[in-house]
$ cat target08.cif   # mmCIF, C-alpha atoms
data_run
loop_
_atom_site.label_atom_id
_atom_site.label_comp_id
_atom_site.auth_asym_id
_atom_site.auth_seq_id
_atom_site.Cartn_x
_atom_site.Cartn_y
_atom_site.Cartn_z
CA MET A 718 164.48 91.10 70.40
CA ALA A 719 163.35 93.81 72.82
CA GLU A 720 160.55 94.82 70.45
CA GLU A 721 159.32 91.21 70.25
CA LEU A 722 159.38 90.95 74.02
CA MET A 723 157.41 94.19 74.39
CA GLU A 724 154.89 92.98 71.81
CA THR A 725 154.48 89.71 73.72
CA ILE A 726 154.04 91.57 77.01
CA THR A 727 151.50 93.91 75.41
CA MET A 728 149.54 90.97 73.98
CA SER A 729 149.61 89.17 77.31
CA TYR A 730 148.46 92.29 79.14
CA SER A 731 145.69 92.79 76.59
CA ARG A 732 144.51 89.19 77.09
CA LEU A 733 144.60 89.71 80.83
CA GLU A 734 142.47 92.84 80.50
CA ARG A 735 139.91 90.96 78.37
CA ARG A 736 139.76 88.15 80.93
CA GLU A 737 139.30 90.67 83.71
CA LYS A 738 136.43 92.31 81.80
CA ARG A 739 134.76 88.93 81.18
CA PHE A 740 135.14 88.09 84.86
CA LYS A 741 133.65 91.42 85.94
CA ASP A 742 130.78 90.96 83.49
CA ALA A 743 130.12 87.45 84.83
CA VAL A 744 130.14 88.72 88.41
CA LYS A 745 127.74 91.53 87.51
CA LYS A 746 125.38 89.08 85.78
CA ALA A 747 125.49 86.71 88.77
CA GLU A 748 124.71 89.58 91.14
CA GLN A 749 121.75 90.64 88.99
CA GLU A 750 120.42 87.07 88.92
CA ARG A 751 120.84 86.83 92.70
CA ASP A 752 118.98 90.11 93.21
CA GLN A 753 116.16 88.96 90.93
CA ALA A 754 115.88 85.67 92.81
CA ILE A 755 115.72 87.54 96.13
CA GLU A 756 113.01 89.86 94.81
CA LYS A 757 111.01 86.89 93.53
CA ALA A 758 111.34 85.07 96.86
CA GLU A 759 110.25 88.17 98.78
CA LEU A 760 107.20 88.53 96.53
CA GLU A 761 106.28 84.87 97.00
CA LYS A 762 106.72 85.25 100.76
CA LYS A 763 104.39 88.25 100.75
CA GLU A 764 101.82 86.34 98.72
CA ILE A 765 101.96 83.40 101.13
CA ASN A 766 101.62 85.73 104.12
CA ASP A 767 98.61 87.42 102.49
CA ILE A 768 97.00 84.02 101.94
CA LEU A 769 97.69 83.04 105.55
CA GLU A 770 96.11 86.26 106.79
CA GLU A 771 93.06 85.58 104.63
CA ALA A 772 92.93 82.03 105.95
CA LYS A 773 93.03 83.23 109.57
CA SER A 774 89.99 85.39 108.96
CA ASN A 775 88.09 82.50 107.30
CA ARG A 776 88.29 79.96 110.12
CA ASP A 777 85.19 78.09 111.18
CA ASP A 778 84.23 77.20 114.77
CA GLU A 779 86.52 74.17 114.75
CA GLY A 780 89.52 76.10 113.44
CA ARG A 781 89.37 74.73 109.92
CA VAL A 782 90.18 77.06 107.07
CA THR A 783 88.26 77.41 103.85
CA LEU A 784 90.03 78.92 100.84
CA ASN A 785 88.39 79.79 97.57
CA LYS A 786 89.66 77.94 94.51
CA ALA A 787 91.68 80.86 93.13
CA THR A 788 93.48 81.38 96.44
CA PHE A 789 94.11 77.66 96.83
CA ASP A 790 95.48 77.40 93.28
CA LYS A 791 97.74 80.40 93.90
CA LEU A 792 99.08 78.87 97.12
CA LEU A 793 99.57 75.53 95.40
CA SER A 794 101.50 77.08 92.51
CA ILE A 795 103.82 78.96 94.89
CA THR A 796 104.51 76.01 97.17
CA THR A 797 105.00 73.61 94.25
CA LYS A 798 107.90 75.77 93.02
CA LEU A 799 109.62 75.62 96.41
#
$ encode --input "target08.cif" --output "structure tokens"
Amino acid sequence: MAEELMETITMSYSRLERREKRFKDAVKKAEQERDQAIEKAELEKKEINDILEEAKSNRDDEGRVTLNKATFDKLLSITTKL
């Protein structure tokens, strides 16, 4: 009886350890995904700021901005994802 009880406790503890490992792995994966999303957002922010700086230097007398097609397409692709 005592041996069966110990075996049951050992199995339960082993299951608990496996669940804990799965949980820790899931947390680690979520943290990595969060960090990647932050890095991507920071890169997109930098790209937008670079485009804005370029636009400021390309203003005409009336304050209108002219962007070349590549820059416009880049800005459009970034803002479309937001």
$ resolve_selection --input "target08.cif" --expression "the PyMOL selection byres ((chain A and resi 765) around 12)" --output "PDB file with C-alpha atoms, in the coordinates of the input"
ATOM      1  CA  ALA A 758     111.340  85.070  96.860  1.00  0.00           C
ATOM      2  CA  GLU A 759     110.250  88.170  98.780  1.00  0.00           C
ATOM      3  CA  LEU A 760     107.200  88.530  96.530  1.00  0.00           C
ATOM      4  CA  GLU A 761     106.280  84.870  97.000  1.00  0.00           C
ATOM      5  CA  LYS A 762     106.720  85.250 100.760  1.00  0.00           C
ATOM      6  CA  LYS A 763     104.390  88.250 100.750  1.00  0.00           C
ATOM      7  CA  GLU A 764     101.820  86.340  98.720  1.00  0.00           C
ATOM      8  CA  ASN A 766     101.620  85.730 104.120  1.00  0.00           C
ATOM      9  CA  ASP A 767      98.610  87.420 102.490  1.00  0.00           C
ATOM     10  CA  ILE A 768      97.000  84.020 101.940  1.00  0.00           C
ATOM     11  CA  LEU A 769      97.690  83.040 105.550  1.00  0.00           C
ATOM     12  CA  GLU A 770      96.110  86.260 106.790  1.00  0.00           C
ATOM     13  CA  GLU A 771      93.060  85.580 104.630  1.00  0.00           C
ATOM     14  CA  ALA A 772      92.930  82.030 105.950  1.00  0.00           C
ATOM     15  CA  THR A 788      93.480  81.380  96.440  1.00  0.00           C
ATOM     16  CA  PHE A 789      94.110  77.660  96.830  1.00  0.00           C
ATOM     17  CA  ASP A 790      95.480  77.400  93.280  1.00  0.00           C
ATOM     18  CA  LYS A 791      97.740  80.400  93.900  1.00  0.00           C
ATOM     19  CA  LEU A 792      99.080  78.870  97.120  1.00  0.00           C
ATOM     20  CA  LEU A 793      99.570  75.530  95.400  1.00  0.00           C
ATOM     21  CA  SER A 794     101.500  77.080  92.510  1.00  0.00           C
ATOM     22  CA  ILE A 795     103.820  78.960  94.890  1.00  0.00           C
ATOM     23  CA  THR A 796     104.510  76.010  97.170  1.00  0.00           C
ATOM     24  CA  LEU A 799     109.620  75.620  96.410  1.00  0.00           C
TER      25      LEU A 799
END
$ residues_near_point --input "target08.cif" --point "(92.2, 79.6, 107.5)" --cutoff "6 Å" --atoms "all atoms listed in the file" --output "list in words"
Ala772, Lys773, Asn775, Arg776, Val782 and Thr783 of chain A
$ atom_distance --input "target08.cif" --atom1 "atom CA of A:Lys798" --atom2 "atom CA of A:Ile755"
14.5 Å
$ decode --input "target08.cif" --residues "stretch 737-753 of chain A" --atoms "N, CA, C and O atoms" --output "mmCIF file, in the first residue's frame"
data_model
loop_
_atom_site.group_PDB
_atom_site.id
_atom_site.type_symbol
_atom_site.label_atom_id
_atom_site.label_comp_id
_atom_site.auth_asym_id
_atom_site.auth_seq_id
_atom_site.Cartn_x
_atom_site.Cartn_y
_atom_site.Cartn_z
ATOM 1 N N GLU A 737 5.465 22.102 -15.485
ATOM 2 C CA GLU A 737 6.263 23.285 -15.163
ATOM 3 C C GLU A 737 7.239 23.595 -16.301
ATOM 4 O O GLU A 737 7.401 24.743 -16.699
ATOM 5 N N LYS A 738 7.868 22.566 -16.857
ATOM 6 C CA LYS A 738 8.804 22.761 -17.960
ATOM 7 C C LYS A 738 8.079 23.304 -19.180
ATOM 8 O O LYS A 738 8.556 24.238 -19.834
ATOM 9 N N ARG A 739 6.905 22.745 -19.503
ATOM 10 C CA ARG A 739 6.129 23.250 -20.646
ATOM 11 C C ARG A 739 5.741 24.698 -20.436
ATOM 12 O O ARG A 739 5.793 25.514 -21.346
ATOM 13 N N PHE A 740 5.351 25.037 -19.207
ATOM 14 C CA PHE A 740 4.974 26.406 -18.895
ATOM 15 C C PHE A 740 6.166 27.344 -19.068
ATOM 16 O O PHE A 740 6.053 28.407 -19.692
ATOM 17 N N LYS A 741 7.319 26.941 -18.536
ATOM 18 C CA LYS A 741 8.519 27.773 -18.663
ATOM 19 C C LYS A 741 8.914 27.942 -20.127
ATOM 20 O O LYS A 741 9.316 29.022 -20.548
ATOM 21 N N ASP A 742 8.791 26.870 -20.905
ATOM 22 C CA ASP A 742 9.100 26.944 -22.331
ATOM 23 C C ASP A 742 8.141 27.897 -23.043
ATOM 24 O O ASP A 742 8.551 28.680 -23.911
ATOM 25 N N ALA A 743 6.868 27.831 -22.681
ATOM 26 C CA ALA A 743 5.873 28.718 -23.299
ATOM 27 C C ALA A 743 6.137 30.179 -22.939
ATOM 28 O O ALA A 743 6.023 31.068 -23.788
ATOM 29 N N VAL A 744 6.509 30.417 -21.696
ATOM 30 C CA VAL A 744 6.838 31.782 -21.272
ATOM 31 C C VAL A 744 8.053 32.292 -22.036
ATOM 32 O O VAL A 744 8.070 33.419 -22.527
ATOM 33 N N LYS A 745 9.072 31.451 -22.155
ATOM 34 C CA LYS A 745 10.292 31.835 -22.871
ATOM 35 C C LYS A 745 9.981 32.160 -24.331
ATOM 36 O O LYS A 745 10.460 33.160 -24.872
ATOM 37 N N LYS A 746 9.151 31.341 -24.966
ATOM 38 C CA LYS A 746 8.777 31.577 -26.364
ATOM 39 C C LYS A 746 7.997 32.889 -26.490
ATOM 40 O O LYS A 746 8.250 33.672 -27.403
ATOM 41 N N ALA A 747 7.078 33.135 -25.581
ATOM 42 C CA ALA A 747 6.293 34.375 -25.611
ATOM 43 C C ALA A 747 7.191 35.596 -25.419
ATOM 44 O O ALA A 747 7.003 36.627 -26.085
ATOM 45 N N GLU A 748 8.172 35.491 -24.541
ATOM 46 C CA GLU A 748 9.109 36.600 -24.328
ATOM 47 C C GLU A 748 9.946 36.851 -25.572
ATOM 48 O O GLU A 748 10.188 38.001 -25.938
ATOM 49 N N GLN A 749 10.366 35.794 -26.252
ATOM 50 C CA GLN A 749 11.138 35.949 -27.481
ATOM 51 C C GLN A 749 10.294 36.615 -28.568
ATOM 52 O O GLN A 749 10.772 37.507 -29.269
ATOM 53 N N GLU A 750 9.036 36.183 -28.692
ATOM 54 C CA GLU A 750 8.144 36.783 -29.683
ATOM 55 C C GLU A 750 7.903 38.255 -29.374
ATOM 56 O O GLU A 750 7.873 39.095 -30.269
ATOM 57 N N ARG A 751 7.739 38.573 -28.086
ATOM 58 C CA ARG A 751 7.551 39.971 -27.673
ATOM 59 C C ARG A 751 8.778 40.794 -28.036
ATOM 60 O O ARG A 751 8.663 41.882 -28.606
ATOM 61 N N ASP A 752 9.959 40.276 -27.732
ATOM 62 C CA ASP A 752 11.193 40.995 -28.031
ATOM 63 C C ASP A 752 11.360 41.217 -29.534
ATOM 64 O O ASP A 752 11.784 42.294 -29.975
ATOM 65 N N GLN A 753 11.006 40.204 -30.334
ATOM 66 C CA GLN A 753 11.091 40.347 -31.785
ATOM 67 C C GLN A 753 10.107 41.396 -32.286
ATOM 68 O O GLN A 753 10.442 42.192 -33.179
#
